[in-house]
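Next up, input-v4.cif (mmCIF, C-alpha atoms):
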```cif
data_input
loop_
_atom_site.group_PDB
_atom_site.id
_atom_site.type_symbol
_atom_site.label_atom_id
_atom_site.label_comp_id
_atom_site.auth_asym_id
_atom_site.auth_seq_id
_atom_site.Cartn_x
_atom_site.Cartn_y
_atom_site.Cartn_z
ATOM 1 C CA MET Y 1 0.000 0.000 0.000
ATOM 2 C CA ALA Y 2 1.335 3.449 -0.953
ATOM 3 C CA ALA Y 3 2.370 5.853 1.807
ATOM 4 C CA PRO Y 4 -0.113 8.689 2.375
ATOM 5 C CA ASP Y 5 0.537 11.981 0.626
ATOM 6 C CA PRO Y 6 1.360 15.000 2.832
ATOM 7 C CA SER Y 7 -1.833 16.628 1.566
ATOM 8 C CA THR Y 8 -3.819 14.175 3.705
ATOM 9 C CA ALA Y 9 -2.990 16.517 6.608
ATOM 10 C CA ARG Y 10 -5.203 19.159 4.987
ATOM 11 C CA ILE Y 11 -8.397 17.921 6.589
ATOM 12 C CA PRO Y 12 -11.436 20.021 5.623
ATOM 13 C CA GLY Y 13 -13.431 21.832 8.291
ATOM 14 C CA ASP Y 14 -14.411 25.209 9.689
ATOM 15 C CA TRP Y 15 -10.904 26.546 9.250
ATOM 16 C CA THR Y 16 -8.487 27.705 6.550
ATOM 17 C CA HIS Y 17 -5.262 25.992 5.484
ATOM 18 C CA LEU Y 18 -2.311 28.323 4.900
ATOM 19 C CA ASP Y 19 1.283 27.923 3.730
ATOM 20 C CA VAL Y 20 3.675 30.324 5.438
ATOM 21 C CA ARG Y 21 7.404 30.830 4.895
ATOM 22 C CA ALA Y 22 9.254 31.117 8.206
ATOM 23 C CA ASN Y 23 12.914 30.625 9.169
ATOM 24 C CA GLY Y 24 13.749 29.298 5.725
ATOM 25 C CA ILE Y 25 11.045 26.609 5.452
ATOM 26 C CA ARG Y 26 7.399 26.350 4.384
ATOM 27 C CA MET Y 27 5.078 25.690 7.297
ATOM 28 C CA HIS Y 28 1.540 24.397 6.939
ATOM 29 C CA VAL Y 29 -0.755 26.089 9.455
ATOM 30 C CA VAL Y 30 -4.494 26.126 10.017
ATOM 31 C CA GLU Y 31 -6.485 29.205 11.064
ATOM 32 C CA GLY Y 32 -9.726 28.899 12.995
ATOM 33 C CA HIS Y 33 -12.616 31.235 12.217
ATOM 34 C CA ALA Y 34 -15.300 33.018 14.175
ATOM 35 C CA PRO Y 35 -18.845 32.629 12.732
ATOM 36 C CA ASP Y 36 -18.915 36.199 11.355
ATOM 37 C CA GLN Y 37 -15.285 36.294 10.201
ATOM 38 C CA SER Y 38 -14.123 36.799 6.630
ATOM 39 C CA GLY Y 39 -10.404 36.661 5.956
ATOM 40 C CA PRO Y 40 -7.427 36.647 8.361
ATOM 41 C CA ALA Y 41 -8.060 38.344 11.714
ATOM 42 C CA LEU Y 42 -4.867 40.418 11.798
ATOM 43 C CA ASP Y 43 -6.339 42.787 14.391
ATOM 44 C CA ARG Y 44 -6.890 39.982 16.933
ATOM 45 C CA PRO Y 45 -4.311 38.587 19.371
ATOM 46 C CA LEU Y 46 -2.419 35.692 17.800
ATOM 47 C CA VAL Y 47 -2.512 32.315 19.557
ATOM 48 C CA LEU Y 48 -0.190 29.614 18.201
ATOM 49 C CA LEU Y 49 -1.145 26.011 18.993
ATOM 50 C CA LEU Y 50 1.762 23.532 18.892
ATOM 51 C CA HIS Y 51 1.165 19.778 18.804
ATOM 52 C CA GLY Y 52 3.135 16.997 20.468
ATOM 53 C CA PHE Y 53 5.057 13.879 19.415
ATOM 54 C CA GLY Y 54 3.421 11.757 16.729
ATOM 55 C CA GLU Y 55 0.567 14.224 16.166
ATOM 56 C CA PHE Y 56 -0.066 17.147 13.803
ATOM 57 C CA TRP Y 57 -2.114 20.360 13.764
ATOM 58 C CA TRP Y 58 -5.419 18.413 13.895
ATOM 59 C CA SER Y 59 -4.926 17.703 17.609
ATOM 60 C CA TRP Y 60 -6.236 21.270 18.204
ATOM 61 C CA ARG Y 61 -9.421 20.833 16.138
ATOM 62 C CA HIS Y 62 -11.673 21.350 19.169
ATOM 63 C CA GLN Y 63 -10.027 24.620 20.207
ATOM 64 C CA LEU Y 64 -9.890 26.505 16.889
ATOM 65 C CA ALA Y 65 -13.470 27.751 16.500
ATOM 66 C CA PRO Y 66 -14.070 28.576 20.206
ATOM 67 C CA LEU Y 67 -10.832 30.573 20.459
ATOM 68 C CA ALA Y 68 -11.764 32.497 17.321
ATOM 69 C CA ALA Y 69 -15.261 33.152 18.673
ATOM 70 C CA ALA Y 70 -13.684 34.490 21.886
ATOM 71 C CA GLY Y 71 -11.835 37.183 19.911
ATOM 72 C CA PHE Y 72 -8.462 35.585 19.184
ATOM 73 C CA ARG Y 73 -6.664 34.499 16.021
ATOM 74 C CA PRO Y 74 -5.912 30.807 16.640
ATOM 75 C CA ILE Y 75 -3.366 29.146 14.376
ATOM 76 C CA ALA Y 76 -2.662 25.414 14.715
ATOM 77 C CA VAL Y 77 0.784 24.547 13.360
ATOM 78 C CA ASP Y 78 2.309 21.559 11.637
ATOM 79 C CA LEU Y 79 5.774 21.793 13.184
ATOM 80 C CA ARG Y 80 8.872 21.347 11.035
ATOM 81 C CA GLY Y 81 8.902 17.752 9.783
ATOM 82 C CA TYR Y 82 5.225 17.034 10.496
ATOM 83 C CA GLY Y 83 2.029 16.888 8.464
ATOM 84 C CA ASP Y 84 2.268 19.023 5.333
ATOM 85 C CA SER Y 85 5.110 21.275 6.538
ATOM 86 C CA ASP Y 86 8.563 21.010 4.977
ATOM 87 C CA LYS Y 87 10.742 18.126 6.129
ATOM 88 C CA PRO Y 88 14.378 19.200 5.811
ATOM 89 C CA PRO Y 89 17.038 16.753 7.049
ATOM 90 C CA ARG Y 90 18.201 19.083 9.843
ATOM 91 C CA GLY Y 91 16.887 21.629 12.291
ATOM 92 C CA TYR Y 92 15.235 19.445 14.956
ATOM 93 C CA ASP Y 93 16.775 21.108 17.990
ATOM 94 C CA GLY Y 94 15.475 23.494 20.627
ATOM 95 C CA TRP Y 95 17.141 26.544 19.107
ATOM 96 C CA THR Y 96 15.660 25.989 15.656
ATOM 97 C CA LEU Y 97 12.251 25.140 17.061
ATOM 98 C CA ALA Y 98 12.156 28.504 18.860
ATOM 99 C CA ASN Y 99 13.402 30.296 15.740
ATOM 100 C CA ASP Y 100 10.723 28.587 13.618
ATOM 101 C CA ILE Y 101 8.002 29.859 15.947
ATOM 102 C CA ASN Y 102 9.532 33.330 16.195
ATOM 103 C CA GLY Y 103 9.713 33.514 12.404
ATOM 104 C CA LEU Y 104 6.142 32.280 12.093
ATOM 105 C CA ILE Y 105 4.858 35.079 14.348
ATOM 106 C CA ARG Y 106 6.425 37.687 12.070
ATOM 107 C CA ALA Y 107 5.377 35.902 8.875
ATOM 108 C CA LEU Y 108 1.751 35.900 10.029
ATOM 109 C CA GLY Y 109 1.896 39.681 10.397
ATOM 110 C CA HIS Y 110 2.102 39.962 14.197
ATOM 111 C CA ASP Y 111 4.610 41.341 16.677
ATOM 112 C CA GLU Y 112 3.839 38.782 19.375
ATOM 113 C CA ALA Y 113 1.847 35.630 20.101
ATOM 114 C CA VAL Y 114 0.586 33.620 23.018
ATOM 115 C CA ILE Y 115 1.921 30.089 22.591
ATOM 116 C CA VAL Y 116 0.018 26.986 23.657
ATOM 117 C CA GLY Y 117 1.979 23.744 23.462
ATOM 118 C CA HIS Y 118 1.239 20.113 24.205
ATOM 119 C CA ALA Y 119 4.069 17.711 25.161
ATOM 120 C CA ASP Y 120 6.932 18.309 22.689
ATOM 121 C CA GLY Y 121 5.066 21.378 21.452
ATOM 122 C CA GLY Y 122 5.365 22.652 24.998
ATOM 123 C CA LEU Y 123 9.135 22.708 24.535
ATOM 124 C CA GLY Y 124 8.480 25.122 21.675
ATOM 125 C CA ALA Y 125 6.449 27.312 24.032
ATOM 126 C CA TRP Y 126 9.089 27.303 26.794
ATOM 127 C CA ALA Y 127 11.965 27.830 24.344
ATOM 128 C CA THR Y 128 10.367 30.645 22.351
ATOM 129 C CA ALA Y 129 9.288 32.482 25.503
ATOM 130 C CA THR Y 130 12.817 32.222 26.925
ATOM 131 C CA LEU Y 131 14.895 32.855 23.798
ATOM 132 C CA HIS Y 132 12.573 35.474 22.247
ATOM 133 C CA PRO Y 133 11.000 37.052 25.333
ATOM 134 C CA THR Y 134 9.690 40.205 23.645
ATOM 135 C CA LYS Y 135 7.541 38.105 21.300
ATOM 136 C CA VAL Y 136 5.679 35.997 23.888
ATOM 137 C CA PRO Y 137 3.444 37.689 26.511
ATOM 138 C CA ARG Y 138 2.262 34.406 28.054
ATOM 139 C CA ILE Y 139 2.259 30.653 27.445
ATOM 140 C CA ALA Y 140 0.113 27.639 28.252
ATOM 141 C CA VAL Y 141 1.641 24.166 28.377
ATOM 142 C CA LEU Y 142 -0.194 20.837 28.496
ATOM 143 C CA GLY Y 143 1.632 17.851 29.964
ATOM 144 C CA SER Y 144 4.895 19.649 29.252
ATOM 145 C CA PRO Y 145 7.284 20.706 32.035
ATOM 146 C CA HIS Y 146 10.066 23.245 31.678
ATOM 147 C CA PRO Y 147 13.056 21.400 30.103
ATOM 148 C CA ALA Y 148 15.244 22.059 33.145
ATOM 149 C CA ALA Y 149 12.493 20.756 35.444
ATOM 150 C CA LEU Y 150 12.171 17.629 33.320
ATOM 151 C CA ARG Y 151 15.923 17.030 33.430
ATOM 152 C CA GLN Y 152 15.972 17.366 37.214
ATOM 153 C CA SER Y 153 13.033 14.994 37.548
ATOM 154 C CA LEU Y 154 14.686 12.379 35.334
ATOM 155 C CA LEU Y 155 17.809 12.531 37.491
ATOM 156 C CA ARG Y 156 15.995 12.370 40.835
ATOM 157 C CA ASN Y 157 12.786 10.385 40.248
ATOM 158 C CA ALA Y 158 13.328 6.766 39.192
ATOM 159 C CA ASP Y 159 9.652 6.217 38.313
ATOM 160 C CA GLN Y 160 9.501 9.279 36.059
ATOM 161 C CA ARG Y 161 12.789 8.244 34.469
ATOM 162 C CA LYS Y 162 11.477 4.749 33.758
ATOM 163 C CA VAL Y 163 8.279 5.801 31.971
ATOM 164 C CA PHE Y 164 9.904 8.670 30.079
ATOM 165 C CA LEU Y 165 13.025 6.892 28.874
ATOM 166 C CA GLY Y 166 11.339 3.615 27.894
ATOM 167 C CA ASN Y 167 10.426 4.481 24.287
ATOM 168 C CA PHE Y 168 12.772 7.462 24.273
ATOM 169 C CA LEU Y 169 15.918 5.327 24.255
ATOM 170 C CA GLY Y 170 14.509 3.090 21.544
ATOM 171 C CA ASN Y 171 14.027 6.169 19.365
ATOM 172 C CA GLN Y 172 17.797 6.600 19.067
ATOM 173 C CA TRP Y 173 18.437 3.724 16.631
ATOM 174 C CA PRO Y 174 18.580 4.932 13.003
ATOM 175 C CA ARG Y 175 16.191 3.229 10.554
ATOM 176 C CA LEU Y 176 15.050 0.657 13.118
ATOM 177 C CA ALA Y 177 13.149 3.310 15.086
ATOM 178 C CA GLU Y 178 11.576 4.662 11.892
ATOM 179 C CA ARG Y 179 10.355 1.183 10.990
ATOM 180 C CA THR Y 180 8.912 0.802 14.477
ATOM 181 C CA LEU Y 181 6.809 3.922 13.946
ATOM 182 C CA THR Y 182 5.540 3.072 10.470
ATOM 183 C CA THR Y 183 5.224 -0.724 10.382
ATOM 184 C CA ARG Y 184 1.759 -2.322 10.279
ATOM 185 C CA ASP Y 185 0.194 0.908 8.989
ATOM 186 C CA GLY Y 186 1.452 3.039 11.864
ATOM 187 C CA ALA Y 187 0.263 0.735 14.647
ATOM 188 C CA PHE Y 188 2.782 2.374 17.006
ATOM 189 C CA ALA Y 189 0.682 5.549 16.973
ATOM 190 C CA GLU Y 190 -2.322 3.637 18.249
ATOM 191 C CA LYS Y 191 -0.211 1.913 20.895
ATOM 192 C CA LEU Y 192 0.940 5.323 22.110
ATOM 193 C CA LEU Y 193 -2.593 6.701 22.275
ATOM 194 C CA ARG Y 194 -3.859 3.712 24.231
ATOM 195 C CA SER Y 195 -0.947 3.607 26.670
ATOM 196 C CA ARG Y 196 -0.968 7.334 27.465
ATOM 197 C CA GLY Y 197 -4.584 8.328 26.902
ATOM 198 C CA GLY Y 198 -7.254 8.134 29.578
ATOM 199 C CA LYS Y 199 -9.557 5.115 29.622
ATOM 200 C CA ARG Y 200 -12.764 7.124 29.239
ATOM 201 C CA TRP Y 201 -11.549 8.787 26.027
ATOM 202 C CA GLN Y 202 -10.825 5.397 24.486
ATOM 203 C CA THR Y 203 -14.502 4.408 24.731
ATOM 204 C CA THR Y 204 -15.801 7.522 22.924
ATOM 205 C CA ASP Y 205 -17.159 7.594 19.372
ATOM 206 C CA GLU Y 206 -14.348 9.961 18.412
ATOM 207 C CA PHE Y 207 -11.446 7.718 19.406
ATOM 208 C CA PRO Y 208 -11.421 5.423 16.315
ATOM 209 C CA GLU Y 209 -11.074 8.489 14.081
ATOM 210 C CA VAL Y 210 -8.248 9.835 16.259
ATOM 211 C CA VAL Y 211 -6.429 6.520 15.931
ATOM 212 C CA ALA Y 212 -6.921 6.435 12.160
ATOM 213 C CA ARG Y 213 -5.723 10.037 11.698
ATOM 214 C CA TYR Y 214 -2.531 9.597 13.703
ATOM 215 C CA ARG Y 215 -1.717 6.216 12.185
ATOM 216 C CA GLU Y 216 -1.983 7.821 8.756
ATOM 217 C CA ALA Y 217 -0.019 10.948 9.737
ATOM 218 C CA ILE Y 218 2.998 8.997 11.038
ATOM 219 C CA GLN Y 219 3.261 7.211 7.667
ATOM 220 C CA ILE Y 220 3.580 10.402 5.598
ATOM 221 C CA PRO Y 221 7.023 10.145 3.967
ATOM 222 C CA GLY Y 222 9.687 11.761 6.115
ATOM 223 C CA VAL Y 223 7.525 12.258 9.193
ATOM 224 C CA ALA Y 224 8.861 9.300 11.177
ATOM 225 C CA TYR Y 225 12.460 10.405 10.604
ATOM 226 C CA CYS Y 226 11.774 14.049 11.502
ATOM 227 C CA THR Y 227 9.701 13.122 14.534
ATOM 228 C CA LEU Y 228 12.556 11.014 15.849
ATOM 229 C CA GLU Y 229 15.186 13.639 15.083
ATOM 230 C CA TYR Y 230 13.619 15.914 17.712
ATOM 231 C CA ARG Y 231 13.999 13.124 20.255
ATOM 232 C CA ARG Y 232 17.460 12.167 19.118
ATOM 233 C CA TRP Y 233 18.644 15.730 19.577
ATOM 234 C CA ALA Y 234 16.995 15.940 23.018
ATOM 235 C CA PHE Y 235 18.877 12.826 24.157
ATOM 236 C CA ARG Y 236 22.239 13.207 22.428
ATOM 237 C CA SER Y 237 22.586 16.909 23.217
ATOM 238 C CA GLN Y 238 22.771 16.006 26.900
ATOM 239 C CA PHE Y 239 26.304 14.770 26.207
ATOM 240 C CA ARG Y 240 27.396 17.548 23.857
ATOM 241 C CA PRO Y 241 28.285 21.246 24.227
ATOM 242 C CA ASP Y 242 25.179 22.371 22.296
ATOM 243 C CA GLY Y 243 22.936 20.713 24.899
ATOM 244 C CA ALA Y 244 24.768 22.423 27.744
ATOM 245 C CA ARG Y 245 24.446 25.769 25.946
ATOM 246 C CA PHE Y 246 20.730 25.222 25.368
ATOM 247 C CA LEU Y 247 20.025 24.313 28.991
ATOM 248 C CA GLY Y 248 22.151 27.255 30.074
ATOM 249 C CA ALA Y 249 20.108 29.592 27.886
ATOM 250 C CA MET Y 250 16.879 28.072 29.228
ATOM 251 C CA ASN Y 251 17.965 28.464 32.862
ATOM 252 C CA LYS Y 252 16.245 31.838 33.152
ATOM 253 C CA ARG Y 253 13.214 32.876 35.119
ATOM 254 C CA LEU Y 254 10.192 33.812 33.003
ATOM 255 C CA HIS Y 255 8.383 36.977 34.053
ATOM 256 C CA ILE Y 256 5.170 36.171 32.196
ATOM 257 C CA PRO Y 257 2.014 34.291 33.211
ATOM 258 C CA VAL Y 258 2.174 30.538 32.599
ATOM 259 C CA LEU Y 259 -0.721 28.071 32.671
ATOM 260 C CA ALA Y 260 0.286 24.428 33.142
ATOM 261 C CA LEU Y 261 -2.448 21.822 32.526
ATOM 262 C CA ARG Y 262 -2.268 18.092 33.072
ATOM 263 C CA GLY Y 263 -4.695 15.165 33.105
ATOM 264 C CA THR Y 264 -4.876 13.318 36.422
ATOM 265 C CA GLU Y 265 -4.561 9.994 34.562
ATOM 266 C CA ASP Y 266 -1.404 11.051 32.724
ATOM 267 C CA SER Y 267 0.956 8.180 33.506
ATOM 268 C CA TYR Y 268 3.674 9.599 31.249
ATOM 269 C CA MET Y 269 4.304 13.028 32.776
ATOM 270 C CA PHE Y 270 3.977 13.154 36.562
ATOM 271 C CA ALA Y 271 2.259 15.971 38.428
ATOM 272 C CA GLU Y 272 5.332 16.806 40.510
ATOM 273 C CA THR Y 273 7.437 17.085 37.339
ATOM 274 C CA VAL Y 274 5.047 19.609 35.821
ATOM 275 C CA GLU Y 275 4.601 21.472 39.098
ATOM 276 C CA SER Y 276 8.359 21.840 39.608
ATOM 277 C CA SER Y 277 8.435 24.079 36.526
ATOM 278 C CA GLY Y 278 7.272 26.852 38.833
ATOM 279 C CA HIS Y 279 10.894 27.300 39.900
ATOM 280 C CA TRP Y 280 11.539 29.015 36.540
ATOM 281 C CA VAL Y 281 8.356 31.107 36.492
ATOM 282 C CA ASP Y 282 7.170 34.154 38.450
ATOM 283 C CA ALA Y 283 3.475 33.297 38.106
ATOM 284 C CA MET Y 284 2.506 29.746 37.145
ATOM 285 C CA THR Y 285 -0.976 28.302 37.545
ATOM 286 C CA HIS Y 286 -0.994 24.496 37.652
ATOM 287 C CA ARG Y 287 -4.370 22.836 37.022
ATOM 288 C CA GLU Y 288 -5.211 19.120 36.970
ATOM 289 C CA LEU Y 289 -8.155 17.804 34.926
ATOM 290 C CA PRO Y 290 -9.742 14.605 36.237
ATOM 291 C CA GLY Y 291 -10.583 11.769 33.883
ATOM 292 C CA ALA Y 292 -7.934 12.671 31.296
ATOM 293 C CA GLY Y 293 -4.566 11.241 30.398
ATOM 294 C CA HIS Y 294 -1.687 12.728 28.410
ATOM 295 C CA TYR Y 295 -3.851 14.120 25.561
ATOM 296 C CA VAL Y 296 -5.824 16.388 27.823
ATOM 297 C CA HIS Y 297 -6.911 18.910 25.145
ATOM 298 C CA GLU Y 298 -8.434 16.095 23.088
ATOM 299 C CA GLU Y 299 -9.824 14.111 26.007
ATOM 300 C CA ARG Y 300 -11.411 17.054 27.850
ATOM 301 C CA PRO Y 301 -11.669 19.611 25.016
ATOM 302 C CA ASP Y 302 -14.448 21.778 26.451
ATOM 303 C CA ALA Y 303 -12.800 22.113 29.852
ATOM 304 C CA VAL Y 304 -9.378 22.847 28.359
ATOM 305 C CA THR Y 305 -10.839 25.411 25.957
ATOM 306 C CA ARG Y 306 -12.612 27.231 28.803
ATOM 307 C CA MET Y 307 -9.399 27.318 30.842
ATOM 308 C CA LEU Y 308 -7.420 28.620 27.876
ATOM 309 C CA ILE Y 309 -9.947 31.373 27.135
ATOM 310 C CA ASP Y 310 -10.043 32.422 30.800
ATOM 311 C CA PHE Y 311 -6.244 32.514 30.847
ATOM 312 C CA LEU Y 312 -6.001 34.475 27.595
ATOM 313 C CA GLN Y 313 -8.565 37.043 28.722
ATOM 314 C CA GLN Y 314 -6.806 37.859 31.984
#
```
What's the structure tokens form of this structure?
Amino acid sequence: MAAPDPSTARIPGDWTHLDVRANGIRMHVVEGHAPDQSGPALDRPLVLLLHGFGEFWWSWRHQLAPLAAAGFRPIAVDLRGYGDSDKPPRGYDGWTLANDINGLIRALGHDEAVIVGHADGGLGAWATATLHPTKVPRIAVLGSPHPAALRQSLLRNADQRKVFLGNFLGNQWPRLAERTLTTRDGAFAEKLLRSRGGKRWQTTDEFPEVVARYREAIQIPGVAYCTLEYRRWAFRSQFRPDGARFLGAMNKRLHIPVLALRGTEDSYMFAETVESSGHWVDAMTHRELPGAGHYVHEERPDAVTRMLIDFLQQ
């Protein structure tokens, strides 16, 4: 069976697909619309929505229209290497991720943006806010601790280290790891959803479609490699000067509001790991959502959307 075309990420709906040049690559992004809106809402505050590992922009489908209706310009992003964005062989490090997002803000015609990131997308939120502080007035992170907090937790908490490093170490093997992600029509994506998602979500009518979408997305040519390159950099940089420089640059206190959300059934990212991020933040609000696992914005979309709107309107 032929691999899916990147255009399969352009799922139709109450939104607009855009191609934007930023930091030297083409990025596929999706803009949500308010009911009375016609054309880009350049006069509204920009909110960038960054997905996590093995996902793509569609993970934010439930948030796009409500955020637009609340007066914002929500843009869900296919990060470098994902979905229908460009997939260059390099650039899957924390520095480039922050520069991609910074470039995207300017390319969309704005001076600043609130960044909302889930899991690996949360790294993009933390990194952009720290490395480009004038461009980010606040961030929200979902199941995504500050990178320095995560490193400390992995060193000190054996249980957190065990669950985090299990698949993470397996991702380091070239070609073999890519085959693991794509074999049997992307079955690894479903395994990930079932192992990290909450039990209630897995019984919903929506869940089979979620599984099908992510299994297809991981098989788009180049996606498995690019997805893993982010993780390979995160691991290997710990033993190289560039990793020390990145963590040194990130070891700064943020003087902006931060909202940290987590599902109470998230067995992948522990509550104390997320909460310890407060050491690098002046004002962090940590909220736990019952009945949700690691994909909290998809499992409890209405609750997460309300919390995001309340946070953005403060």
Task: Option closest in space to Gly109 (chain Y), from Y:Arg21, Y:Arg179, Y:His51, Y:His28 [counting all atoms listed in the file] - done: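 With all atoms listed in the file as the atom set, the closest residue is Y:Arg21.
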Open item on the list: For a quick check of understanding, using all atoms listed in the file, which of Y:Phe246, Y:Phe311, Y:Tyr230, Y:Trp15 has the smallest distance to His33 (chain Y)?
Closed with: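 Under the stated criterion, the closest residue is Y:Trp15.
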- [ ] Record the distance separating CA of His294 (chain Y) and CA of Gly263 (chain Y), expressed in Å with one decimal.
- [x]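 So the answer is 6.1 Å.
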Open item on the list: Quick check on the file I pasted: which residues fall under the PyMOL selection byres ((chain Y and resi 233-236) around 10)? Write them as a VMD selection string.
Closed with: chain Y and resid 91 to 94 147 165 168 to 169 171 to 172 228 to 232 237 to 240 242 to 243
Task: Surrounding residues of Pro4 (chain Y) excluding itself and chain neighbours under 3 positions, 10 Å, all atoms listed in the file, as a ChimeraX atom specification - done: /Y:1,7-9,216-221
Open item on the list: Which residues are near Ala189 (chain Y)? Cut-off 8 Å, only C-alpha atoms, ignore same chain within fewer than 6 positions. Put them as a list in words.
Closed with: Gly54, Leu181, Val211, Tyr214, Arg215 and Ile218 of chain Y
Open item on the list: So the first atom is CA of Ala119 (chain Y) and the second is CA of Met269 (chain Y); what is the distance between them in Å, to one decimal place?
Closed with: 8.9 Å
Open item on the list: For the provided coordinates, the residues matched by the PyMOL selection byres ((chain Y and resi 80) around 8) should be stated as a list in words.
Closed with: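 Answer for the PyMOL selection byres ((chain Y and resi 80) around 8): Ile25, Met27, Asp78, Leu79, Gly81, Tyr82, Ser85, Asp86, Lys87, Pro88, Tyr92, Leu97, Asp100 and Cys226 of chain Y.
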Hey, what comes out of the PyMOL selection byres ((chain Y and resi 103) around 12) on this file? Could you write it as a compact mmCIF listing (two decimals) with C-alpha atoms, keeping the file's coordinate frame?
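Result went into result_24.txt, see below:
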```txt
# COMPACT_ATOMS: atom_id res chain seq x y z
CA VAL Y 20 3.68 30.32 5.44
CA ARG Y 21 7.40 30.83 4.89
CA ALA Y 22 9.25 31.12 8.21
CA ASN Y 23 12.91 30.62 9.17
CA GLY Y 24 13.75 29.30 5.72
CA ILE Y 25 11.04 26.61 5.45
CA ARG Y 26 7.40 26.35 4.38
CA MET Y 27 5.08 25.69 7.30
CA THR Y 96 15.66 25.99 15.66
CA LEU Y 97 12.25 25.14 17.06
CA ALA Y 98 12.16 28.50 18.86
CA ASN Y 99 13.40 30.30 15.74
CA ASP Y 100 10.72 28.59 13.62
CA ILE Y 101 8.00 29.86 15.95
CA ASN Y 102 9.53 33.33 16.20
CA LEU Y 104 6.14 32.28 12.09
CA ILE Y 105 4.86 35.08 14.35
CA ARG Y 106 6.42 37.69 12.07
CA ALA Y 107 5.38 35.90 8.88
CA LEU Y 108 1.75 35.90 10.03
CA GLY Y 109 1.90 39.68 10.40
CA HIS Y 110 2.10 39.96 14.20
CA ASP Y 111 4.61 41.34 16.68
CA GLU Y 112 3.84 38.78 19.38
CA ALA Y 113 1.85 35.63 20.10
CA THR Y 128 10.37 30.64 22.35
CA HIS Y 132 12.57 35.47 22.25
CA LYS Y 135 7.54 38.10 21.30
```
Task: Best match for closeness to Pro6 (chain Y) among Y:Pro133, Y:Phe56, Y:Phe188, Y:Thr182, counting all atoms listed in the file - done: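 When distances to Pro6 (chain Y) are compared using all atoms listed in the file, the smallest one comes from Y:Phe56.
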Task: Polymer residues at most 10 Å from Pro137 (chain Y), all atoms listed in the file, same-chain spacing of 4 or more positions, as a list in words - done: Glu112, Ala113, Val114, Ile115, Ala129, Pro133, His255, Ile256, Pro257 and Val258 of chain Y
C-alpha atoms of the current selection, written as a PDB file, keeping the file's coordinate frame:
```pdb
ATOM      1  CA  GLU Y 112       3.839  38.782  19.375  1.00  0.00           C
ATOM      2  CA  ALA Y 113       1.847  35.630  20.101  1.00  0.00           C
ATOM      3  CA  VAL Y 114       0.586  33.620  23.018  1.00  0.00           C
ATOM      4  CA  ILE Y 115       1.921  30.089  22.591  1.00  0.00           C
ATOM      5  CA  ALA Y 129       9.288  32.482  25.503  1.00  0.00           C
ATOM      6  CA  PRO Y 133      11.000  37.052  25.333  1.00  0.00           C
ATOM      7  CA  HIS Y 255       8.383  36.977  34.053  1.00  0.00           C
ATOM      8  CA  ILE Y 256       5.170  36.171  32.196  1.00  0.00           C
ATOM      9  CA  PRO Y 257       2.014  34.291  33.211  1.00  0.00           C
ATOM     10  CA  VAL Y 258       2.174  30.538  32.599  1.00  0.00           C
TER      11      VAL Y 258
END
```
